[in-house]
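So this block is data-v7.txt, compact mmCIF, C-alpha atoms:
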# COMPACT_ATOMS: atom_id res chain seq x y z
CA MET A 9 93.68 90.69 81.54
CA PRO A 10 91.60 93.31 83.38
CA LEU A 11 92.87 94.37 86.77
CA THR A 12 91.13 95.90 89.78
CA LYS A 13 92.49 98.44 92.20
CA HIS A 14 92.63 97.30 95.81
CA ASN A 15 94.55 98.95 98.70
CA SER A 16 96.87 100.94 96.43
CA PHE A 17 98.17 97.82 94.63
CA ARG A 18 96.89 95.68 91.83
CA THR A 19 95.91 91.95 92.08
CA PRO A 20 94.93 89.67 89.25
CA ILE A 21 91.30 88.73 88.89
CA PHE A 22 92.06 85.02 88.42
CA SER A 23 94.45 84.65 91.36
CA GLY A 24 92.59 81.60 92.66
CA VAL A 25 93.18 79.76 89.38
CA ARG A 26 96.92 80.51 89.54
CA GLN A 27 97.12 79.24 93.14
CA ARG A 28 95.49 76.02 92.09
CA VAL A 29 97.97 75.60 89.22
CA SER A 30 100.96 76.21 91.54
CA CYS A 31 99.63 73.62 94.06
CA SER A 32 99.19 71.06 91.35
CA SER A 33 102.76 71.63 90.12
CA LEU A 34 104.14 71.16 93.64
CA LEU A 35 102.15 67.95 93.95
CA LEU A 36 103.59 66.67 90.69
CA GLN A 37 107.13 67.48 91.83
CA SER A 38 106.67 65.67 95.14
CA LEU A 39 105.23 62.63 93.35
CA SER A 40 108.20 62.54 90.96
CA MET A 41 110.67 62.74 93.86
CA LEU A 42 108.81 59.96 95.70
CA GLY A 43 108.96 57.79 92.59
CA LYS A 44 112.70 58.31 92.29
CA ALA A 45 113.18 57.40 95.97
CA VAL A 46 111.10 54.23 95.54
CA SER A 47 113.09 53.21 92.49
CA ARG A 48 116.38 53.71 94.32
CA THR A 49 115.13 51.69 97.31
CA ALA A 50 114.00 48.90 95.01
CA ARG A 51 117.36 48.80 93.25
CA PHE A 52 119.24 48.73 96.57
CA SER A 53 117.03 46.00 98.00
CA SER A 54 117.35 43.89 94.85
CA ARG A 55 121.11 44.37 94.87
CA ARG A 56 121.24 43.37 98.58
CA VAL A 57 119.11 40.30 98.02
CA SER A 58 121.28 39.28 95.12
CA ARG A 59 124.38 39.47 97.31
CA VAL A 60 123.09 38.02 100.58
CA GLY A 61 120.17 35.95 99.41
CA PRO A 62 121.86 32.74 98.24
CA SER A 63 123.80 32.18 101.46
CA VAL A 64 120.69 32.80 103.60
CA THR A 65 118.18 30.80 101.61
CA LYS A 66 120.55 27.90 101.09
CA PRO A 67 119.90 25.23 103.73
CA ALA A 68 122.79 24.59 106.10
CA GLU A 69 124.50 21.28 105.78
CA ALA A 70 124.09 19.03 108.81
CA ARG A 71 127.39 18.26 110.50
CA SER A 72 128.07 14.74 111.53
CA ARG A 73 128.45 14.37 115.31
CA LEU A 74 131.08 12.25 116.89
CA PRO A 75 129.72 9.07 118.47
CA LEU A 76 129.48 9.21 122.24
CA PRO A 77 131.54 6.66 124.16
CA ASP A 78 129.59 3.85 125.76
CA LYS A 79 131.58 4.05 128.99
CA VAL A 80 133.38 6.92 130.70
CA LYS A 81 137.11 6.47 130.82
CA PRO A 82 138.25 6.09 134.44
CA ILE A 83 140.61 8.73 135.70
CA LEU A 84 141.46 7.41 139.19
CA GLU A 85 142.92 4.18 140.43
CA PRO A 86 141.73 2.63 143.71
CA ALA A 87 144.10 2.62 146.67
CA TYR A 88 145.20 -0.68 148.18
CA LEU A 89 146.24 -1.09 151.80
CA SER A 90 147.34 -4.13 153.74
CA LEU A 91 145.06 -5.15 156.59
CA THR A 92 146.31 -4.38 160.11
CA PRO A 93 146.01 -7.20 162.66
CA ALA A 94 143.10 -6.68 165.04
CA LEU A 95 143.56 -6.11 168.76
CA LYS A 96 141.44 -9.16 169.46
CA LYS A 97 140.93 -11.50 166.54
CA GLY A 98 137.42 -12.81 166.14
CA ARG A 99 136.34 -16.21 164.97
CA TRP A 100 135.26 -15.04 161.52
CA ASP A 101 137.89 -12.36 160.98
CA PRO A 102 139.99 -12.91 157.83
CA PRO A 103 143.77 -13.25 158.26
CA ALA A 104 145.51 -9.91 157.98
CA ASP A 105 148.60 -11.17 156.17
CA SER A 106 146.67 -12.39 153.10
CA ASN A 107 144.06 -9.63 152.72
CA VAL A 108 144.08 -6.09 151.41
CA VAL A 109 141.64 -3.22 151.73
CA VAL A 110 140.45 -1.37 148.63
CA LEU A 111 140.00 2.33 149.41
CA GLU A 112 138.08 4.98 147.51
CA PRO A 113 140.62 7.16 145.61
CA SER A 114 138.51 10.32 145.78
CA VAL A 115 138.72 10.11 149.60
CA PHE A 116 142.10 8.52 150.32
CA LYS A 117 144.11 9.76 147.28
CA HIS A 118 143.14 13.40 147.25
CA PRO A 119 145.78 15.98 146.25
CA ILE A 120 147.57 17.38 149.27
CA ARG A 121 146.42 20.92 150.11
CA ARG A 122 148.33 22.44 152.99
CA ASP A 123 146.27 25.62 152.86
CA ILE A 124 143.05 23.64 153.43
CA LEU A 125 144.64 21.80 156.37
CA HIS A 126 145.71 25.12 157.87
CA LEU A 127 142.18 26.53 157.62
CA CYS A 128 140.65 23.44 159.25
CA VAL A 129 143.19 23.34 162.09
CA ILE A 130 142.80 27.05 162.87
CA HIS A 131 139.00 26.68 162.75
CA HIS A 132 139.15 23.81 165.28
CA LEU A 133 141.58 25.57 167.62
CA ASP A 134 139.50 28.75 167.56
CA SER A 135 136.45 26.78 168.64
CA LEU A 136 138.36 25.46 171.68
CA ARG A 137 139.14 28.92 173.07
CA GLN A 138 137.00 29.79 176.07
CA GLY A 139 137.18 33.53 175.62
CA SER A 140 136.48 34.09 179.33
CA ALA A 141 139.27 36.60 180.05
CA ASN A 142 137.78 39.61 181.82
CA THR A 143 139.22 42.76 183.37
CA LYS A 144 137.59 45.67 185.21
CA THR A 145 137.53 49.16 183.84
CA ARG A 146 137.81 52.25 186.04
CA GLY A 147 134.04 52.32 186.27
CA GLU A 148 133.87 48.75 187.63
CA VAL A 149 136.64 48.98 190.28
CA ARG A 150 135.38 49.36 193.83
CA GLY A 151 136.28 52.62 195.57
CA SER A 152 135.33 56.23 196.18
CA GLY A 153 135.12 58.80 193.42
CA ILE A 154 136.57 61.61 195.49
CA LYS A 155 139.59 63.46 194.17
CA ILE A 156 142.81 62.21 195.80
CA ARG A 157 144.46 65.63 196.23
CA ARG A 158 143.84 69.16 195.19
CA GLN A 159 144.57 70.24 191.67
CA LYS A 160 147.28 72.83 192.43
CA GLY A 161 149.74 73.59 195.17
CA SER A 162 151.12 70.12 195.93
CA GLY A 163 153.81 70.16 193.29
CA LYS A 164 152.77 66.72 192.14
CA ALA A 165 150.94 65.46 189.11
CA ARG A 166 147.23 66.03 188.70
CA LEU A 167 145.11 63.09 189.84
CA GLY A 168 141.43 62.32 189.95
CA ASP A 169 139.84 59.38 191.74
CA GLY A 170 141.62 56.23 192.90
CA GLN A 171 140.24 54.07 190.05
CA SER A 172 142.48 55.70 187.45
CA PRO A 173 144.39 53.22 185.25
CA MET A 174 147.63 55.06 186.12
CA LEU A 175 147.38 53.97 189.78
CA VAL A 176 148.04 50.58 191.35
CA GLY A 177 144.73 48.91 192.08
CA GLY A 178 142.91 50.99 189.53
CA GLY A 179 141.06 49.91 186.43
CA VAL A 180 142.55 48.45 183.27
CA ALA A 181 142.43 50.51 180.09
CA PHE A 182 141.45 48.54 176.98
CA GLY A 183 141.64 45.22 178.80
CA PRO A 184 140.16 41.93 177.53
CA LYS A 185 136.46 41.22 177.84
CA PRO A 186 134.55 37.95 177.35
CA ARG A 187 134.20 37.22 173.63
CA ASP A 188 133.61 34.41 171.19
CA PHE A 189 136.76 33.38 169.26
CA SER A 190 135.07 30.76 167.09
CA THR A 191 135.24 31.28 163.33
CA LYS A 192 133.07 30.01 160.51
CA LEU A 193 134.24 27.69 157.76
CA PRO A 194 132.17 26.28 154.87
CA ARG A 195 131.12 22.67 155.19
CA LYS A 196 132.70 21.73 151.86
CA VAL A 197 136.07 23.10 153.00
CA ILE A 198 135.91 20.94 156.14
CA GLU A 199 135.04 17.88 154.03
CA MET A 200 137.98 18.59 151.73
CA GLY A 201 140.20 18.96 154.79
CA MET A 202 139.16 15.49 155.98
CA ARG A 203 139.98 14.03 152.55
CA VAL A 204 143.37 15.74 152.53
CA ALA A 205 144.16 14.58 156.09
CA LEU A 206 143.33 10.93 155.34
CA SER A 207 145.22 11.09 152.06
CA SER A 208 148.30 12.54 153.73
CA LYS A 209 148.33 9.73 156.29
CA LEU A 210 148.00 7.13 153.55
CA LYS A 211 150.75 8.76 151.50
CA ALA A 212 153.06 8.82 154.53
CA GLN A 213 152.22 5.15 155.27
CA ARG A 214 150.77 6.17 158.62
CA LEU A 215 147.26 4.79 158.02
CA GLY A 216 145.99 1.36 159.04
CA VAL A 217 142.70 -0.52 158.75
CA MET A 218 141.41 -3.23 161.12
CA THR A 219 138.42 -5.49 160.65
CA ARG A 220 136.95 -4.35 163.98
CA MET A 221 137.92 -2.76 167.30
CA TYR A 222 137.03 -5.01 170.20
CA TRP A 223 138.44 -5.92 173.60
CA PRO A 224 136.71 -8.45 175.87
CA ASN A 225 137.35 -6.71 179.20
CA GLY A 226 138.59 -3.50 180.72
CA GLN A 227 142.02 -4.78 181.78
CA THR A 228 144.68 -2.33 180.72
CA LYS A 229 147.69 -4.60 181.26
CA HIS A 230 146.98 -7.10 178.46
CA LEU A 231 145.86 -4.37 176.03
CA THR A 232 149.11 -2.50 176.65
CA GLN A 233 151.10 -5.61 175.83
CA LYS A 234 149.10 -6.12 172.63
CA ILE A 235 149.58 -2.49 171.50
CA ASP A 236 153.32 -2.69 172.17
CA LEU A 237 153.50 -5.98 170.27
CA LEU A 238 151.83 -4.43 167.22
CA GLY A 239 153.87 -1.23 167.52
CA LEU A 240 150.78 1.00 167.75
CA ARG A 241 151.97 3.56 170.26
CA LYS A 242 151.19 7.21 169.41
CA THR A 243 148.12 5.99 167.54
CA LEU A 244 144.60 7.32 167.18
CA PHE A 245 142.01 4.53 166.89
CA VAL A 246 138.83 5.53 165.04
CA THR A 247 135.76 3.31 165.04
CA GLY A 248 132.68 3.65 162.88
CA GLU A 249 130.29 2.46 165.59
CA LEU A 250 127.91 4.91 167.20
CA GLU A 251 129.55 4.12 170.56
CA ALA A 252 132.91 2.49 171.10
CA HIS A 253 133.04 -0.93 172.72
CA GLU A 254 132.81 -0.55 176.47
CA GLY A 255 135.66 -2.94 177.28
CA LEU A 256 138.01 -1.29 174.79
CA ARG A 257 137.02 2.19 175.93
CA ARG A 258 137.71 1.39 179.60
CA ALA A 259 140.99 -0.39 178.89
CA ILE A 260 142.48 2.14 176.50
CA ARG A 261 141.73 5.30 178.48
CA ASN A 262 144.51 4.50 180.99
CA ILE A 263 147.17 3.86 178.35
CA PRO A 264 149.35 6.85 177.48
CA LEU A 265 150.02 7.89 173.87
CA VAL A 266 146.89 6.21 172.49
CA GLU A 267 143.30 7.42 172.13
CA LEU A 268 139.99 6.01 170.93
CA LYS A 269 137.38 8.12 169.10
CA THR A 270 134.32 7.58 166.93
CA THR A 271 133.85 8.97 163.43
CA GLU A 272 131.42 11.58 164.77
CA GLU A 273 134.01 12.89 167.25
CA VAL A 274 137.14 12.88 165.09
CA SER A 275 138.26 16.05 163.34
CA VAL A 276 140.95 17.13 160.91
CA TYR A 277 143.02 18.45 163.81
CA GLU A 278 142.91 15.08 165.60
CA ILE A 279 144.00 13.18 162.49
CA MET A 280 146.90 15.53 161.82
CA LYS A 281 147.91 15.65 165.49
CA TRP A 282 148.51 11.92 165.94
CA GLN A 283 151.49 10.19 164.38
CA ARG A 284 149.46 7.18 163.23
CA VAL A 285 145.74 6.61 162.55
CA VAL A 286 143.99 3.23 162.54
CA LEU A 287 140.43 2.80 161.26
CA ASP A 288 138.06 -0.11 161.37
CA LEU A 289 135.98 -1.23 158.38
CA ARG A 290 132.90 0.64 159.55
CA ALA A 291 134.90 3.86 159.83
CA VAL A 292 136.19 3.36 156.26
CA ASP A 293 132.63 2.86 155.02
CA TYR A 294 131.49 5.98 156.88
CA PHE A 295 134.20 8.20 155.37
CA GLU A 296 133.62 6.81 151.87
CA ARG A 297 129.86 7.32 152.19
CA THR A 298 130.08 10.91 153.41
CA LEU A 299 133.16 12.14 151.49
CA LYS A 300 132.98 10.23 148.21
CA LYS A 301 132.91 12.09 144.88
CA ASN A 302 131.26 10.94 141.66
CA VAL A 303 134.48 10.27 139.78
CA PRO A 304 134.96 7.24 137.48
CA VAL A 305 137.33 4.70 139.02
CA GLU A 306 139.13 1.83 137.37
CA PRO A 307 137.69 -1.61 138.11
CA ILE A 308 139.34 -3.69 140.79
CA PRO A 309 141.46 -6.46 139.31
CA LEU A 310 140.95 -9.97 140.66
CA LEU A 311 143.97 -11.11 142.62
CA GLU A 312 144.68 -14.76 143.26
CA GLY A 313 144.79 -15.65 146.92
CA VAL A 314 144.00 -12.08 148.04
CA GLN A 315 140.54 -10.95 149.12
CA SER A 316 139.31 -7.39 149.28
CA ARG A 317 137.23 -6.13 152.16
CA PRO A 318 133.49 -6.95 151.98
CA VAL A 319 131.05 -4.30 150.81
CA SER A 320 128.71 -4.73 153.76
CA VAL A 321 130.10 -4.97 157.27
Full structure transcribed into structure tokens:
Amino acid sequence: MPLTKHNSFRTPIFSGVRQRVSCSSLLLQSLSMLGKAVSRTARFSSRRVSRVGPSVTKPAEARSRLPLPDKVKPILEPAYLSLTPALKKGRWDPPADSNVVVLEPSVFKHPIRRDILHLCVIHHLDSLRQGSANTKTRGEVRGSGIKIRRQKGSGKARLGDGQSPMLVGGGVAFGPKPRDFSTKLPRKVIEMGMRVALSSKLKAQRLGVMTRMYWPNGQTKHLTQKIDLLGLRKTLFVTGELEAHEGLRRAIRNIPLVELKTTEEVSVYEIMKWQRVVLDLRAVDYFERTLKKNVPVEPIPLLEGVQSRPVSV
């Protein structure tokens, strides 16, 4: 093959042809490597499909579901309480000795929680604090700001003005100032506290229910005799009316160791404070309406000769 001299070294005449041949060989090598990679990928994918495929493509068997019960099984039993004789029996009032009251178990049979009662009582007592205690600081005490004596030479302690907290008649250091002692408590915690308080009274047999709370006049003498006859001293009477009966309110306010309140005024502290609590039917309906939980309750059995309280009062 003839050669030509160029820049003191020799180059082949057909160098372009050789470059083309080398490029074509590299292309063939890359194509062969790509084919091998494709074949390996195909074998791996086929092997994977053969292992995993049947379990994936096979339809899942439908599991049979358990039949749902037609009715929810009750988990609470209603509470029964004998009727307390009324202060003044009405014409249509049922006899107390042959009647019982059926109470909602989610309200009157709640588990006793002393911690909830403590929170509710502290919350109520904090709201009763006036927080009006006030003392004067050295800047609020009346008097001159002149220095009492010179700094040196007297042999006594150093003193400034006469309003110093170290002196009699001076200001008070870090004394109390008017403040609000009331604390916040969630509404649901207060409702639970009312359930626990009523349940504790029922469990201790310190809860009574009357058909109504009525007294014809404001005479305290006859009402005192009636309360002593029924043994209802140290008792809190709670009525579900918007306003208590005027005759009963006037007569009972002069009797010691008894008190009359409405359901809007009563609190957990009041229920726990009094030794005995007596409700009327409207108060029972109010507490059941506002504190009731959606819990299945066993049906009320029919008792011969015993009537439960009416639904509507």
What's around range 95-108 of chain A at 10 Å? Count all atoms listed in the file, leave out sequence neighbours fewer than 3 positions away in its own chain, and write the answer as a tab-separated table (two decimals) with C-alpha atoms, in the coordinates of the input.
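The resulting file, around.tsv, is shown below:
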chain	number	residue	atom	x	y	z
A	87	ALA	CA	144.10	2.62	146.67
A	88	TYR	CA	145.20	-0.68	148.18
A	89	LEU	CA	146.24	-1.09	151.80
A	90	SER	CA	147.34	-4.13	153.74
A	91	LEU	CA	145.06	-5.15	156.59
A	92	THR	CA	146.31	-4.38	160.11
A	111	LEU	CA	140.00	2.33	149.41
A	217	VAL	CA	142.70	-0.52	158.75
A	218	MET	CA	141.41	-3.23	161.12
A	219	THR	CA	138.42	-5.49	160.65
A	220	ARG	CA	136.95	-4.35	163.98
A	221	MET	CA	137.92	-2.76	167.30
A	222	TYR	CA	137.03	-5.01	170.20
A	223	TRP	CA	138.44	-5.92	173.60
A	224	PRO	CA	136.71	-8.45	175.87
A	231	LEU	CA	145.86	-4.37	176.03
A	234	LYS	CA	149.10	-6.12	172.63
A	235	ILE	CA	149.58	-2.49	171.50
A	238	LEU	CA	151.83	-4.43	167.22
A	256	LEU	CA	138.01	-1.29	174.79
A	313	GLY	CA	144.79	-15.65	146.92
A	314	VAL	CA	144.00	-12.08	148.04
A	315	GLN	CA	140.54	-10.95	149.12
A	316	SER	CA	139.31	-7.39	149.28
A	317	ARG	CA	137.23	-6.13	152.16
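Closest approach to Val305 in chain A from the set A:Asp123, A:Asp169, A:Glu267, A:Glu112 is made by A:Glu112, with distances taken over only C-alpha atoms.
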As an exercise, work out the distance from CA of Val286 in chain A to CA of Ala212 in chain A in Å and give it to one decimal place.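 Between CA of Val286 in chain A and CA of Ala212 in chain A the gap is 13.3 Å.
One finds CA of Pro119 in chain A at 28.5 Å from CA of Gly239 in chain A.
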Counting only C-alpha atoms, which of A:Glu296, A:Ser38, A:Gln227, A:Gly177 gets nearest to Thr145 in chain A?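 Closest residue, counting only C-alpha atoms: A:Gly177.
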Atom-to-atom span, CA of Lys155 in chain A and CA of Gly168 in chain A, Å: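 Distance between the two atoms: 4.7 Å.
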Residue among A:Asp288, A:Glu199, A:Glu306, A:Glu273 lying closest to Leu125 in chain A, counting only C-alpha atoms: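 Between A:Asp288, A:Glu199, A:Glu306, A:Glu273, the residue approaching Leu125 in chain A most closely is A:Glu199.
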Within 9 Å of Ser140 in chain A, counting all atoms listed in the file, which residues show up once you throw out same-chain ones fewer than 6 positions away? Write them as a VMD selection string, please. chain A and resid 184 to 188
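Comparing A:Leu127, A:Leu250, A:Arg146, A:Arg157 by their smallest distance to Val176 in chain A, the closest is A:Arg146 (using all atoms listed in the file).
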Could you pull the residues within 9 Å of His132 in chain A, counting all atoms listed in the file, minus those fewer than 2 positions along the same chain, as a PDB file with C-alpha atoms, keeping the file's coordinate frame?
ATOM      1  CA  LEU A 127     142.180  26.530 157.620  1.00  0.00           C
ATOM      2  CA  CYS A 128     140.650  23.440 159.250  1.00  0.00           C
ATOM      3  CA  VAL A 129     143.190  23.340 162.090  1.00  0.00           C
ATOM      4  CA  ILE A 130     142.800  27.050 162.870  1.00  0.00           C
ATOM      5  CA  ASP A 134     139.500  28.750 167.560  1.00  0.00           C
ATOM      6  CA  SER A 135     136.450  26.780 168.640  1.00  0.00           C
ATOM      7  CA  LEU A 136     138.360  25.460 171.680  1.00  0.00           C
ATOM      8  CA  SER A 190     135.070  30.760 167.090  1.00  0.00           C
ATOM      9  CA  THR A 191     135.240  31.280 163.330  1.00  0.00           C
ATOM     10  CA  SER A 275     138.260  16.050 163.340  1.00  0.00           C
ATOM     11  CA  VAL A 276     140.950  17.130 160.910  1.00  0.00           C
ATOM     12  CA  TYR A 277     143.020  18.450 163.810  1.00  0.00           C
TER      13      TYR A 277
END
Closest to Asp236 in chain A among A:Val266, A:Leu36, A:Leu287, A:Met41, using only C-alpha atoms? A:Val266
For the point (142.6, 63.1, 190.9) in file coordinates, what residues are within 12 Å, counting all atoms listed in the file? Give the answer as a PDB file with C-alpha atoms, in the frame of the given file?
ATOM      1  CA  SER A 152     135.330  56.230 196.180  1.00  0.00           C
ATOM      2  CA  GLY A 153     135.120  58.800 193.420  1.00  0.00           C
ATOM      3  CA  ILE A 154     136.570  61.610 195.490  1.00  0.00           C
ATOM      4  CA  LYS A 155     139.590  63.460 194.170  1.00  0.00           C
ATOM      5  CA  ILE A 156     142.810  62.210 195.800  1.00  0.00           C
ATOM      6  CA  ARG A 157     144.460  65.630 196.230  1.00  0.00           C
ATOM      7  CA  ARG A 158     143.840  69.160 195.190  1.00  0.00           C
ATOM      8  CA  GLN A 159     144.570  70.240 191.670  1.00  0.00           C
ATOM      9  CA  LYS A 160     147.280  72.830 192.430  1.00  0.00           C
ATOM     10  CA  LYS A 164     152.770  66.720 192.140  1.00  0.00           C
ATOM     11  CA  ALA A 165     150.940  65.460 189.110  1.00  0.00           C
ATOM     12  CA  ARG A 166     147.230  66.030 188.700  1.00  0.00           C
ATOM     13  CA  LEU A 167     145.110  63.090 189.840  1.00  0.00           C
ATOM     14  CA  GLY A 168     141.430  62.320 189.950  1.00  0.00           C
ATOM     15  CA  ASP A 169     139.840  59.380 191.740  1.00  0.00           C
ATOM     16  CA  GLY A 170     141.620  56.230 192.900  1.00  0.00           C
ATOM     17  CA  GLN A 171     140.240  54.070 190.050  1.00  0.00           C
ATOM     18  CA  SER A 172     142.480  55.700 187.450  1.00  0.00           C
ATOM     19  CA  PRO A 173     144.390  53.220 185.250  1.00  0.00           C
ATOM     20  CA  MET A 174     147.630  55.060 186.120  1.00  0.00           C
ATOM     21  CA  LEU A 175     147.380  53.970 189.780  1.00  0.00           C
TER      22      LEU A 175
END
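With all atoms listed in the file as the atoms that count, the residue of A:Val180, A:Phe116, A:Leu42, A:Lys192 with the shortest distance to His131 in chain A is A:Lys192.
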Within 10 Å of (133.0, 8.2, 149.1) (coordinates as in the file), grab all the protein and nucleic acid residues, counting all atoms listed in the file, and write them out as a PyMOL selection string. chain A and resi 111-116+203+292-303
So that I can see what lies close to Asn225 in chain A, please list as an mmCIF file with C-alpha atoms, in the frame of the given file the residues with an atom at most 10 Å from it, counting only C-alpha atoms and leaving out residues fewer than 6 positions away in the same chain.
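New file result-v4.cif:
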data_model
loop_
_atom_site.group_PDB
_atom_site.id
_atom_site.type_symbol
_atom_site.label_atom_id
_atom_site.label_comp_id
_atom_site.auth_asym_id
_atom_site.auth_seq_id
_atom_site.Cartn_x
_atom_site.Cartn_y
_atom_site.Cartn_z
ATOM 1 C CA LEU A 231 145.860 -4.370 176.030
ATOM 2 C CA HIS A 253 133.040 -0.930 172.720
ATOM 3 C CA GLU A 254 132.810 -0.550 176.470
ATOM 4 C CA GLY A 255 135.660 -2.940 177.280
ATOM 5 C CA LEU A 256 138.010 -1.290 174.790
ATOM 6 C CA ARG A 257 137.020 2.190 175.930
ATOM 7 C CA ARG A 258 137.710 1.390 179.600
ATOM 8 C CA ALA A 259 140.990 -0.390 178.890
#
Using only C-alpha atoms, determine which residues lie at most 10 Å from Arg122 in chain A, disregarding the query and same-chain residues fewer than 6 positions distant; provide the list as a VMD selection string. chain A and resid 128 201 204 to 205 208
